[in-house]
$ cat protein16.pdb   # PDB, N, CA and C atoms
ATOM      1  N   MET A   1     -45.352 127.447 -83.593
ATOM      2  CA  MET A   1     -46.667 127.881 -84.044
ATOM      3  C   MET A   1     -47.670 127.708 -82.898
ATOM      4  N   LYS A   2     -48.544 128.686 -82.742
ATOM      5  CA  LYS A   2     -49.588 128.633 -81.727
ATOM      6  C   LYS A   2     -50.685 127.689 -82.202
ATOM      7  N   LYS A   3     -51.224 126.898 -81.275
ATOM      8  CA  LYS A   3     -52.274 125.932 -81.619
ATOM      9  C   LYS A   3     -53.553 126.273 -80.872
ATOM     10  N   VAL A   4     -54.692 125.989 -81.531
ATOM     11  CA  VAL A   4     -55.987 126.238 -80.910
ATOM     12  C   VAL A   4     -56.987 125.185 -81.375
ATOM     13  N   VAL A   5     -57.877 124.802 -80.461
ATOM     14  CA  VAL A   5     -59.013 123.951 -80.804
ATOM     15  C   VAL A   5     -60.224 124.869 -80.846
ATOM     16  N   LEU A   6     -60.929 124.835 -81.964
ATOM     17  CA  LEU A   6     -62.064 125.734 -82.189
ATOM     18  C   LEU A   6     -63.327 124.916 -82.346
ATOM     19  N   GLY A   7     -64.340 125.227 -81.553
ATOM     20  CA  GLY A   7     -65.644 124.596 -81.743
ATOM     21  C   GLY A   7     -66.153 124.957 -83.118
ATOM     22  N   ILE A   8     -66.548 123.948 -83.888
ATOM     23  CA  ILE A   8     -66.965 124.195 -85.272
ATOM     24  C   ILE A   8     -68.312 123.531 -85.519
ATOM     25  N   SER A   9     -69.200 124.288 -86.174
ATOM     26  CA  SER A   9     -70.555 123.785 -86.391
ATOM     27  C   SER A   9     -70.866 123.539 -87.863
ATOM     28  N   GLY A  10     -70.070 124.116 -88.719
ATOM     29  CA  GLY A  10     -70.378 124.060 -90.147
ATOM     30  C   GLY A  10     -71.065 125.322 -90.621
ATOM     31  N   GLY A  11     -71.333 126.220 -89.688
ATOM     32  CA  GLY A  11     -71.988 127.480 -90.022
ATOM     33  C   GLY A  11     -70.992 128.584 -90.317
ATOM     34  N   VAL A  12     -71.526 129.746 -90.640
ATOM     35  CA  VAL A  12     -70.718 130.891 -91.042
ATOM     36  C   VAL A  12     -69.839 131.400 -89.899
ATOM     37  N   ASP A  13     -70.378 131.490 -88.688
ATOM     38  CA  ASP A  13     -69.614 132.060 -87.577
ATOM     39  C   ASP A  13     -68.330 131.287 -87.292
ATOM     40  N   SER A  14     -68.435 129.964 -87.187
ATOM     41  CA  SER A  14     -67.228 129.185 -86.885
ATOM     42  C   SER A  14     -66.272 129.163 -88.068
ATOM     43  N   ALA A  15     -66.780 129.224 -89.283
ATOM     44  CA  ALA A  15     -65.920 129.271 -90.470
ATOM     45  C   ALA A  15     -65.111 130.564 -90.498
ATOM     46  N   VAL A  16     -65.771 131.684 -90.218
ATOM     47  CA  VAL A  16     -65.085 132.977 -90.190
ATOM     48  C   VAL A  16     -64.062 133.006 -89.058
ATOM     49  N   ALA A  17     -64.428 132.488 -87.903
ATOM     50  CA  ALA A  17     -63.489 132.436 -86.782
ATOM     51  C   ALA A  17     -62.251 131.620 -87.156
ATOM     52  N   ALA A  18     -62.448 130.496 -87.827
ATOM     53  CA  ALA A  18     -61.328 129.660 -88.253
ATOM     54  C   ALA A  18     -60.414 130.424 -89.208
ATOM     55  N   LEU A  19     -60.999 131.106 -90.172
ATOM     56  CA  LEU A  19     -60.195 131.848 -91.143
ATOM     57  C   LEU A  19     -59.441 133.003 -90.492
ATOM     58  N   LEU A  20     -60.079 133.697 -89.558
ATOM     59  CA  LEU A  20     -59.399 134.799 -88.860
ATOM     60  C   LEU A  20     -58.233 134.283 -88.022
ATOM     61  N   LEU A  21     -58.440 133.182 -87.325
ATOM     62  CA  LEU A  21     -57.355 132.599 -86.531
ATOM     63  C   LEU A  21     -56.219 132.109 -87.422
ATOM     64  N   LYS A  22     -56.573 131.518 -88.539
ATOM     65  CA  LYS A  22     -55.569 131.040 -89.486
ATOM     66  C   LYS A  22     -54.726 132.207 -90.011
ATOM     67  N   GLU A  23     -55.376 133.331 -90.323
ATOM     68  CA  GLU A  23     -54.662 134.523 -90.784
ATOM     69  C   GLU A  23     -53.685 135.040 -89.739
ATOM     70  N   GLN A  24     -53.996 134.802 -88.459
ATOM     71  CA  GLN A  24     -53.137 135.256 -87.363
ATOM     72  C   GLN A  24     -52.029 134.257 -87.048
ATOM     73  N   GLY A  25     -51.961 133.175 -87.814
ATOM     74  CA  GLY A  25     -50.859 132.238 -87.664
ATOM     75  C   GLY A  25     -51.107 131.044 -86.763
ATOM     76  N   TYR A  26     -52.347 130.819 -86.374
ATOM     77  CA  TYR A  26     -52.655 129.675 -85.520
ATOM     78  C   TYR A  26     -52.757 128.384 -86.327
ATOM     79  N   GLU A  27     -52.344 127.294 -85.706
ATOM     80  CA  GLU A  27     -52.622 125.959 -86.237
ATOM     81  C   GLU A  27     -53.934 125.541 -85.586
ATOM     82  N   ILE A  28     -54.963 125.288 -86.373
ATOM     83  CA  ILE A  28     -56.319 125.100 -85.851
ATOM     84  C   ILE A  28     -56.809 123.687 -86.081
ATOM     85  N   THR A  29     -57.467 123.167 -85.050
ATOM     86  CA  THR A  29     -58.242 121.939 -85.181
ATOM     87  C   THR A  29     -59.687 122.295 -84.866
ATOM     88  N   GLY A  30     -60.575 122.041 -85.807
ATOM     89  CA  GLY A  30     -62.001 122.258 -85.586
ATOM     90  C   GLY A  30     -62.572 121.052 -84.857
ATOM     91  N   LEU A  31     -63.319 121.293 -83.808
ATOM     92  CA  LEU A  31     -63.913 120.217 -83.011
ATOM     93  C   LEU A  31     -65.427 120.337 -83.035
ATOM     94  N   TYR A  32     -66.080 119.288 -83.513
ATOM     95  CA  TYR A  32     -67.543 119.219 -83.521
ATOM     96  C   TYR A  32     -67.977 118.326 -82.371
ATOM     97  N   LEU A  33     -68.872 118.839 -81.523
ATOM     98  CA  LEU A  33     -69.393 118.072 -80.395
ATOM     99  C   LEU A  33     -70.733 117.473 -80.793
ATOM    100  N   LYS A  34     -70.727 116.168 -81.025
ATOM    101  CA  LYS A  34     -71.913 115.445 -81.467
ATOM    102  C   LYS A  34     -72.742 115.027 -80.255
ATOM    103  N   SER A  35     -74.070 115.133 -80.385
ATOM    104  CA  SER A  35     -74.968 114.775 -79.301
ATOM    105  C   SER A  35     -76.234 114.137 -79.853
ATOM    106  N   SER A  36     -76.761 113.176 -79.132
ATOM    107  CA  SER A  36     -78.024 112.564 -79.542
ATOM    108  C   SER A  36     -79.197 113.515 -79.301
ATOM    109  N   LEU A  37     -78.951 114.623 -78.613
ATOM    110  CA  LEU A  37     -80.004 115.579 -78.284
ATOM    111  C   LEU A  37     -80.199 116.639 -79.370
ATOM    112  N   THR A  38     -79.291 116.697 -80.334
ATOM    113  CA  THR A  38     -79.379 117.709 -81.383
ATOM    114  C   THR A  38     -79.220 117.067 -82.758
ATOM    115  N   LYS A  39     -79.574 117.820 -83.778
ATOM    116  CA  LYS A  39     -79.416 117.359 -85.156
ATOM    117  C   LYS A  39     -77.926 117.168 -85.455
ATOM    118  N   ASP A  40     -77.590 116.072 -86.116
ATOM    119  CA  ASP A  40     -76.200 115.781 -86.441
ATOM    120  C   ASP A  40     -75.760 116.620 -87.638
ATOM    121  N   GLU A  41     -74.886 117.571 -87.390
ATOM    122  CA  GLU A  41     -74.341 118.444 -88.431
ATOM    123  C   GLU A  41     -72.850 118.172 -88.627
ATOM    124  N   SER A  42     -72.386 116.981 -88.225
ATOM    125  CA  SER A  42     -70.957 116.686 -88.279
ATOM    126  C   SER A  42     -70.402 116.718 -89.700
ATOM    127  N   GLU A  43     -71.191 116.323 -90.682
ATOM    128  CA  GLU A  43     -70.711 116.339 -92.069
ATOM    129  C   GLU A  43     -70.511 117.777 -92.545
ATOM    130  N   ALA A  44     -71.422 118.656 -92.190
ATOM    131  CA  ALA A  44     -71.277 120.074 -92.557
ATOM    132  C   ALA A  44     -70.051 120.672 -91.870
ATOM    133  N   ALA A  45     -69.825 120.297 -90.617
ATOM    134  CA  ALA A  45     -68.659 120.794 -89.880
ATOM    135  C   ALA A  45     -67.367 120.276 -90.511
ATOM    136  N   ARG A  46     -67.347 119.012 -90.917
ATOM    137  CA  ARG A  46     -66.159 118.432 -91.553
ATOM    138  C   ARG A  46     -65.863 119.148 -92.871
ATOM    139  N   GLU A  47     -66.906 119.390 -93.663
ATOM    140  CA  GLU A  47     -66.734 120.090 -94.939
ATOM    141  C   GLU A  47     -66.223 121.519 -94.721
ATOM    142  N   CYS A  48     -66.733 122.170 -93.698
ATOM    143  CA  CYS A  48     -66.295 123.525 -93.371
ATOM    144  C   CYS A  48     -64.808 123.527 -93.025
ATOM    145  N   ALA A  49     -64.385 122.582 -92.202
ATOM    146  CA  ALA A  49     -62.979 122.489 -91.815
ATOM    147  C   ALA A  49     -62.106 122.211 -93.040
ATOM    148  N   GLU A  50     -62.576 121.333 -93.889
ATOM    149  CA  GLU A  50     -61.823 120.983 -95.096
ATOM    150  C   GLU A  50     -61.642 122.208 -95.994
ATOM    151  N   LYS A  51     -62.719 122.954 -96.210
ATOM    152  CA  LYS A  51     -62.652 124.147 -97.055
ATOM    153  C   LYS A  51     -61.752 125.232 -96.454
ATOM    154  N   ALA A  52     -61.745 125.316 -95.119
ATOM    155  CA  ALA A  52     -60.908 126.310 -94.440
ATOM    156  C   ALA A  52     -59.454 125.856 -94.347
ATOM    157  N   GLY A  53     -59.199 124.590 -94.661
ATOM    158  CA  GLY A  53     -57.836 124.074 -94.609
ATOM    159  C   GLY A  53     -57.332 123.856 -93.198
ATOM    160  N   ILE A  54     -58.241 123.434 -92.308
ATOM    161  CA  ILE A  54     -57.852 123.185 -90.914
ATOM    162  C   ILE A  54     -58.135 121.727 -90.568
ATOM    163  N   GLY A  55     -57.564 121.280 -89.457
ATOM    164  CA  GLY A  55     -57.816 119.927 -88.981
ATOM    165  C   GLY A  55     -59.254 119.792 -88.501
ATOM    166  N   TYR A  56     -59.694 118.563 -88.302
ATOM    167  CA  TYR A  56     -61.078 118.315 -87.875
ATOM    168  C   TYR A  56     -61.130 117.082 -86.982
ATOM    169  N   ASP A  57     -61.945 117.169 -85.938
ATOM    170  CA  ASP A  57     -62.213 116.022 -85.087
ATOM    171  C   ASP A  57     -63.659 116.124 -84.616
ATOM    172  N   CYS A  58     -64.252 114.985 -84.344
ATOM    173  CA  CYS A  58     -65.635 114.912 -83.881
ATOM    174  C   CYS A  58     -65.654 114.114 -82.580
ATOM    175  N   MET A  59     -66.323 114.653 -81.564
ATOM    176  CA  MET A  59     -66.412 113.981 -80.279
ATOM    177  C   MET A  59     -67.884 113.792 -79.919
ATOM    178  N   ASP A  60     -68.284 112.547 -79.676
ATOM    179  CA  ASP A  60     -69.659 112.262 -79.283
ATOM    180  C   ASP A  60     -69.775 112.430 -77.768
ATOM    181  N   ILE A  61     -70.555 113.424 -77.353
ATOM    182  CA  ILE A  61     -70.711 113.714 -75.928
ATOM    183  C   ILE A  61     -72.110 113.348 -75.427
ATOM    184  N   SER A  62     -72.796 112.465 -76.145
ATOM    185  CA  SER A  62     -74.166 112.088 -75.793
ATOM    186  C   SER A  62     -74.272 111.544 -74.374
ATOM    187  N   ARG A  63     -73.404 110.624 -74.006
ATOM    188  CA  ARG A  63     -73.482 110.030 -72.664
ATOM    189  C   ARG A  63     -73.291 111.060 -71.566
ATOM    190  N   GLU A  64     -72.328 111.939 -71.769
ATOM    191  CA  GLU A  64     -72.060 112.960 -70.761
ATOM    192  C   GLU A  64     -73.251 113.895 -70.591
ATOM    193  N   LEU A  65     -73.888 114.285 -71.712
ATOM    194  CA  LEU A  65     -75.021 115.208 -71.630
ATOM    195  C   LEU A  65     -76.255 114.565 -71.001
ATOM    196  N   GLU A  66     -76.439 113.276 -71.220
ATOM    197  CA  GLU A  66     -77.600 112.602 -70.653
ATOM    198  C   GLU A  66     -77.634 112.665 -69.136
ATOM    199  N   GLN A  67     -76.491 112.849 -68.506
ATOM    200  CA  GLN A  67     -76.417 112.975 -67.051
ATOM    201  C   GLN A  67     -77.067 114.258 -66.566
ATOM    202  N   TYR A  68     -77.077 115.301 -67.423
ATOM    203  CA  TYR A  68     -77.518 116.618 -67.000
ATOM    204  C   TYR A  68     -78.842 117.072 -67.605
ATOM    205  N   VAL A  69     -79.327 116.377 -68.611
ATOM    206  CA  VAL A  69     -80.554 116.773 -69.292
ATOM    207  C   VAL A  69     -81.636 115.729 -69.051
ATOM    208  N   CYS A  70     -82.786 116.199 -68.614
ATOM    209  CA  CYS A  70     -83.906 115.286 -68.331
ATOM    210  C   CYS A  70     -84.770 115.100 -69.546
TER     211      CYS A  70
END
$ encode --input "protein16.pdb" --output "structure tokens"
Amino acid sequence: MKKVVLGISGGVDSAVAALLLKEQGYEITGLYLKSSLTKDESEAARECAEKAGIGYDCMDISRELEQYVC
């Protein structure tokens, strides 16, 4: 089975992308990139992944982004 990691936000676009990839036979893991610079939508992303029947992971990239954003 083909595997893919899909950026997931909890919104319609990433949900549709997940469903289309799933229909094509991919094993999908939704990845939410958490940052202290943006509103935390990780719960919405987790719920979206759950409803789509795909895996889910959350990665906090706050430290990495602080290096590049003033």
$ residues_around --input "protein16.pdb" --residues "Gly7 of chain A" --least-positions-apart "6" --cutoff "6.5 Å" --atoms "all atoms listed in the file" --output "list in words"
Ser14, Thr29, Gly30, Leu31 and Tyr32 of chain A
$ atom_distance --input "protein16.pdb" --atom1 "atom N of Gly53 of chain A" --atom2 "atom N of Asp40 of chain A"
22.0 Å
$ atom_distance --input "protein16.pdb" --atom1 "atom CA of Ser36 of chain A" --atom2 "atom CA of Cys58 of chain A"
13.3 Å
$ resolve_selection --input "protein16.pdb" --expression "the PyMOL selection byres ((chain A and resi 46-49) around 8)" --output "CSV table (one decimal) with N, CA and C atoms, in the frame of the given file"
chain,number,residue,atom,x,y,z
A,8,ILE,N,-66.5,123.9,-83.9
A,8,ILE,CA,-67.0,124.2,-85.3
A,8,ILE,C,-68.3,123.5,-85.5
A,9,SER,N,-69.2,124.3,-86.2
A,9,SER,CA,-70.6,123.8,-86.4
A,9,SER,C,-70.9,123.5,-87.9
A,10,GLY,N,-70.1,124.1,-88.7
A,10,GLY,CA,-70.4,124.1,-90.1
A,10,GLY,C,-71.1,125.3,-90.6
A,11,GLY,N,-71.3,126.2,-89.7
A,11,GLY,CA,-72.0,127.5,-90.0
A,11,GLY,C,-71.0,128.6,-90.3
A,14,SER,N,-68.4,130.0,-87.2
A,14,SER,CA,-67.2,129.2,-86.9
A,14,SER,C,-66.3,129.2,-88.1
A,15,ALA,N,-66.8,129.2,-89.3
A,15,ALA,CA,-65.9,129.3,-90.5
A,15,ALA,C,-65.1,130.6,-90.5
A,29,THR,N,-57.5,123.2,-85.0
A,29,THR,CA,-58.2,121.9,-85.2
A,29,THR,C,-59.7,122.3,-84.9
A,30,GLY,N,-60.6,122.0,-85.8
A,30,GLY,CA,-62.0,122.3,-85.6
A,30,GLY,C,-62.6,121.1,-84.9
A,32,TYR,N,-66.1,119.3,-83.5
A,32,TYR,CA,-67.5,119.2,-83.5
A,32,TYR,C,-68.0,118.3,-82.4
A,41,GLU,N,-74.9,117.6,-87.4
A,41,GLU,CA,-74.3,118.4,-88.4
A,41,GLU,C,-72.8,118.2,-88.6
A,42,SER,N,-72.4,117.0,-88.2
A,42,SER,CA,-71.0,116.7,-88.3
A,42,SER,C,-70.4,116.7,-89.7
A,43,GLU,N,-71.2,116.3,-90.7
A,43,GLU,CA,-70.7,116.3,-92.1
A,43,GLU,C,-70.5,117.8,-92.5
A,44,ALA,N,-71.4,118.7,-92.2
A,44,ALA,CA,-71.3,120.1,-92.6
A,44,ALA,C,-70.1,120.7,-91.9
A,45,ALA,N,-69.8,120.3,-90.6
A,45,ALA,CA,-68.7,120.8,-89.9
A,45,ALA,C,-67.4,120.3,-90.5
A,50,GLU,N,-62.6,121.3,-93.9
A,50,GLU,CA,-61.8,121.0,-95.1
A,50,GLU,C,-61.6,122.2,-96.0
A,51,LYS,N,-62.7,123.0,-96.2
A,51,LYS,CA,-62.7,124.1,-97.1
A,51,LYS,C,-61.8,125.2,-96.5
A,52,ALA,N,-61.7,125.3,-95.1
A,52,ALA,CA,-60.9,126.3,-94.4
A,52,ALA,C,-59.5,125.9,-94.3
A,53,GLY,N,-59.2,124.6,-94.7
A,53,GLY,CA,-57.8,124.1,-94.6
A,53,GLY,C,-57.3,123.9,-93.2
A,54,ILE,N,-58.2,123.4,-92.3
A,54,ILE,CA,-57.9,123.2,-90.9
A,54,ILE,C,-58.1,121.7,-90.6
A,55,GLY,N,-57.6,121.3,-89.5
A,55,GLY,CA,-57.8,119.9,-89.0
A,55,GLY,C,-59.3,119.8,-88.5
A,56,TYR,N,-59.7,118.6,-88.3
A,56,TYR,CA,-61.1,118.3,-87.9
A,56,TYR,C,-61.1,117.1,-87.0
A,57,ASP,N,-61.9,117.2,-85.9
A,57,ASP,CA,-62.2,116.0,-85.1
A,57,ASP,C,-63.7,116.1,-84.6
$ resolve_selection --input "protein16.pdb" --expression "the PyMOL selection byres (((chain A and resi 26 and name CA) around 7) and name CA)" --output "list in words"
Met1, Lys2, Lys3, Val4, Leu21, Lys22, Gln24, Gly25, Glu27 and Ile28 of chain A
$ atom_distance --input "protein16.pdb" --atom1 "atom C of Ile61 of chain A" --atom2 "atom CA of Lys34 of chain A"
6.4 Å
$ select_by_dssp --input "protein16.pdb" --residues "chain A" --states "strand (DSSP E or B)" --output "list in words"
Lys3, Val4, Val5, Leu6, Gly7, Glu27, Ile28, Thr29, Gly30, Leu31, Tyr32, Leu33, Lys34, Gly55, Tyr56, Asp57, Cys58, Met59 and Asp60 of chain A
$ select_by_dssp --input "protein16.pdb" --residues "chain A" --states "helix (DSSP H, G or I)" --output "PyMOL selection string"
chain A and resi 12-23+42-52+62-66
$ write_last_selection --input "protein16.pdb" --atoms "N, CA and C atoms" --output "PDB file, keeping the file's coordinate frame"
ATOM      1  N   VAL A  12     -71.526 129.746 -90.640  1.00  0.00           N
ATOM      2  CA  VAL A  12     -70.718 130.891 -91.042  1.00  0.00           C
ATOM      3  C   VAL A  12     -69.839 131.400 -89.899  1.00  0.00           C
ATOM      4  N   ASP A  13     -70.378 131.490 -88.688  1.00  0.00           N
ATOM      5  CA  ASP A  13     -69.614 132.060 -87.577  1.00  0.00           C
ATOM      6  C   ASP A  13     -68.330 131.287 -87.292  1.00  0.00           C
ATOM      7  N   SER A  14     -68.435 129.964 -87.187  1.00  0.00           N
ATOM      8  CA  SER A  14     -67.228 129.185 -86.885  1.00  0.00           C
ATOM      9  C   SER A  14     -66.272 129.163 -88.068  1.00  0.00           C
ATOM     10  N   ALA A  15     -66.780 129.224 -89.283  1.00  0.00           N
ATOM     11  CA  ALA A  15     -65.920 129.271 -90.470  1.00  0.00           C
ATOM     12  C   ALA A  15     -65.111 130.564 -90.498  1.00  0.00           C
ATOM     13  N   VAL A  16     -65.771 131.684 -90.218  1.00  0.00           N
ATOM     14  CA  VAL A  16     -65.085 132.977 -90.190  1.00  0.00           C
ATOM     15  C   VAL A  16     -64.062 133.006 -89.058  1.00  0.00           C
ATOM     16  N   ALA A  17     -64.428 132.488 -87.903  1.00  0.00           N
ATOM     17  CA  ALA A  17     -63.489 132.436 -86.782  1.00  0.00           C
ATOM     18  C   ALA A  17     -62.251 131.620 -87.156  1.00  0.00           C
ATOM     19  N   ALA A  18     -62.448 130.496 -87.827  1.00  0.00           N
ATOM     20  CA  ALA A  18     -61.328 129.660 -88.253  1.00  0.00           C
ATOM     21  C   ALA A  18     -60.414 130.424 -89.208  1.00  0.00           C
ATOM     22  N   LEU A  19     -60.999 131.106 -90.172  1.00  0.00           N
ATOM     23  CA  LEU A  19     -60.195 131.848 -91.143  1.00  0.00           C
ATOM     24  C   LEU A  19     -59.441 133.003 -90.492  1.00  0.00           C
ATOM     25  N   LEU A  20     -60.079 133.697 -89.558  1.00  0.00           N
ATOM     26  CA  LEU A  20     -59.399 134.799 -88.860  1.00  0.00           C
ATOM     27  C   LEU A  20     -58.233 134.283 -88.022  1.00  0.00           C
ATOM     28  N   LEU A  21     -58.440 133.182 -87.325  1.00  0.00           N
ATOM     29  CA  LEU A  21     -57.355 132.599 -86.531  1.00  0.00           C
ATOM     30  C   LEU A  21     -56.219 132.109 -87.422  1.00  0.00           C
ATOM     31  N   LYS A  22     -56.573 131.518 -88.539  1.00  0.00           N
ATOM     32  CA  LYS A  22     -55.569 131.040 -89.486  1.00  0.00           C
ATOM     33  C   LYS A  22     -54.726 132.207 -90.011  1.00  0.00           C
ATOM     34  N   GLU A  23     -55.376 133.331 -90.323  1.00  0.00           N
ATOM     35  CA  GLU A  23     -54.662 134.523 -90.784  1.00  0.00           C
ATOM     36  C   GLU A  23     -53.685 135.040 -89.739  1.00  0.00           C
ATOM     37  N   SER A  42     -72.386 116.981 -88.225  1.00  0.00           N
ATOM     38  CA  SER A  42     -70.957 116.686 -88.279  1.00  0.00           C
ATOM     39  C   SER A  42     -70.402 116.718 -89.700  1.00  0.00           C
ATOM     40  N   GLU A  43     -71.191 116.323 -90.682  1.00  0.00           N
ATOM     41  CA  GLU A  43     -70.711 116.339 -92.069  1.00  0.00           C
ATOM     42  C   GLU A  43     -70.511 117.777 -92.545  1.00  0.00           C
ATOM     43  N   ALA A  44     -71.422 118.656 -92.190  1.00  0.00           N
ATOM     44  CA  ALA A  44     -71.277 120.074 -92.557  1.00  0.00           C
ATOM     45  C   ALA A  44     -70.051 120.672 -91.870  1.00  0.00           C
ATOM     46  N   ALA A  45     -69.825 120.297 -90.617  1.00  0.00           N
ATOM     47  CA  ALA A  45     -68.659 120.794 -89.880  1.00  0.00           C
ATOM     48  C   ALA A  45     -67.367 120.276 -90.511  1.00  0.00           C
ATOM     49  N   ARG A  46     -67.347 119.012 -90.917  1.00  0.00           N
ATOM     50  CA  ARG A  46     -66.159 118.432 -91.553  1.00  0.00           C
ATOM     51  C   ARG A  46     -65.863 119.148 -92.871  1.00  0.00           C
ATOM     52  N   GLU A  47     -66.906 119.390 -93.663  1.00  0.00           N
ATOM     53  CA  GLU A  47     -66.734 120.090 -94.939  1.00  0.00           C
ATOM     54  C   GLU A  47     -66.223 121.519 -94.721  1.00  0.00           C
ATOM     55  N   CYS A  48     -66.733 122.170 -93.698  1.00  0.00           N
ATOM     56  CA  CYS A  48     -66.295 123.525 -93.371  1.00  0.00           C
ATOM     57  C   CYS A  48     -64.808 123.527 -93.025  1.00  0.00           C
ATOM     58  N   ALA A  49     -64.385 122.582 -92.202  1.00  0.00           N
ATOM     59  CA  ALA A  49     -62.979 122.489 -91.815  1.00  0.00           C
ATOM     60  C   ALA A  49     -62.106 122.211 -93.040  1.00  0.00           C
ATOM     61  N   GLU A  50     -62.576 121.333 -93.889  1.00  0.00           N
ATOM     62  CA  GLU A  50     -61.823 120.983 -95.096  1.00  0.00           C
ATOM     63  C   GLU A  50     -61.642 122.208 -95.994  1.00  0.00           C
ATOM     64  N   LYS A  51     -62.719 122.954 -96.210  1.00  0.00           N
ATOM     65  CA  LYS A  51     -62.652 124.147 -97.055  1.00  0.00           C
ATOM     66  C   LYS A  51     -61.752 125.232 -96.454  1.00  0.00           C
ATOM     67  N   ALA A  52     -61.745 125.316 -95.119  1.00  0.00           N
ATOM     68  CA  ALA A  52     -60.908 126.310 -94.440  1.00  0.00           C
ATOM     69  C   ALA A  52     -59.454 125.856 -94.347  1.00  0.00           C
ATOM     70  N   SER A  62     -72.796 112.465 -76.145  1.00  0.00           N
ATOM     71  CA  SER A  62     -74.166 112.088 -75.793  1.00  0.00           C
ATOM     72  C   SER A  62     -74.272 111.544 -74.374  1.00  0.00           C
ATOM     73  N   ARG A  63     -73.404 110.624 -74.006  1.00  0.00           N
ATOM     74  CA  ARG A  63     -73.482 110.030 -72.664  1.00  0.00           C
ATOM     75  C   ARG A  63     -73.291 111.060 -71.566  1.00  0.00           C
ATOM     76  N   GLU A  64     -72.328 111.939 -71.769  1.00  0.00           N
ATOM     77  CA  GLU A  64     -72.060 112.960 -70.761  1.00  0.00           C
ATOM     78  C   GLU A  64     -73.251 113.895 -70.591  1.00  0.00           C
ATOM     79  N   LEU A  65     -73.888 114.285 -71.712  1.00  0.00           N
ATOM     80  CA  LEU A  65     -75.021 115.208 -71.630  1.00  0.00           C
ATOM     81  C   LEU A  65     -76.255 114.565 -71.001  1.00  0.00           C
ATOM     82  N   GLU A  66     -76.439 113.276 -71.220  1.00  0.00           N
ATOM     83  CA  GLU A  66     -77.600 112.602 -70.653  1.00  0.00           C
ATOM     84  C   GLU A  66     -77.634 112.665 -69.136  1.00  0.00           C
TER      85      GLU A  66
END
$ axis_aligned_box --input "protein16.pdb" --around "segment 41-52 of chain A" --padding-each-side "4 Å" --output "lines of an AutoDock Vina configuration file"
center_x = -67.2
center_y = 121.3
center_z = -92.2
size_x = 23.4
size_y = 18.0
size_z = 17.7
$ resolve_selection --input "protein16.pdb" --expression "the PyMOL selection byres (((chain A and resi 37 and name CA) around 12) and name CA)" --output "list in words"
Leu33, Lys34, Ser35, Ser36, Thr38, Lys39, Asp40, Glu41, Asp60, Ile61, Ser62, Arg63, Glu64, Leu65, Glu66, Tyr68, Val69 and Cys70 of chain A
$ decode --input "protein16.pdb" --residues "segment 61-65 of chain A" --atoms "all heavy atoms" --output "compact mmCIF listing (two decimals), in the first residue's frame"
# COMPACT_ATOMS: atom_id res chain seq x y z
N ILE A 61 6.09 23.00 16.07
CA ILE A 61 7.26 23.57 15.38
C ILE A 61 7.54 25.00 15.84
O ILE A 61 8.22 25.76 15.15
CB ILE A 61 7.07 23.52 13.85
CG1 ILE A 61 5.83 24.29 13.42
CG2 ILE A 61 7.03 22.08 13.36
CD1 ILE A 61 5.72 24.51 11.93
N SER A 62 7.05 25.36 17.02
CA SER A 62 7.21 26.72 17.53
C SER A 62 8.68 27.15 17.61
O SER A 62 9.03 28.25 17.17
CB SER A 62 6.57 26.86 18.91
OG SER A 62 5.19 26.61 18.82
N ARG A 63 9.52 26.31 18.18
CA ARG A 63 10.94 26.68 18.33
C ARG A 63 11.61 26.91 16.99
O ARG A 63 12.38 27.85 16.82
CB ARG A 63 11.70 25.58 19.09
CG ARG A 63 11.50 25.63 20.59
CD ARG A 63 12.33 24.59 21.29
NE ARG A 63 13.72 25.06 21.40
CZ ARG A 63 14.71 24.32 21.83
NH1 ARG A 63 14.52 23.07 22.18
NH2 ARG A 63 15.92 24.82 21.92
N GLU A 64 11.32 26.03 16.04
CA GLU A 64 11.94 26.16 14.73
C GLU A 64 11.51 27.45 14.04
O GLU A 64 12.31 28.15 13.43
CB GLU A 64 11.58 24.95 13.85
CG GLU A 64 12.25 23.67 14.28
CD GLU A 64 11.55 22.95 15.43
OE1 GLU A 64 10.51 23.44 15.94
OE2 GLU A 64 12.03 21.88 15.82
N LEU A 65 10.21 27.81 14.16
CA LEU A 65 9.72 29.02 13.50
C LEU A 65 10.26 30.29 14.15
O LEU A 65 10.46 31.29 13.46
CB LEU A 65 8.19 29.05 13.53
CG LEU A 65 7.49 28.13 12.53
CD1 LEU A 65 5.99 28.27 12.68
CD2 LEU A 65 7.91 28.43 11.11
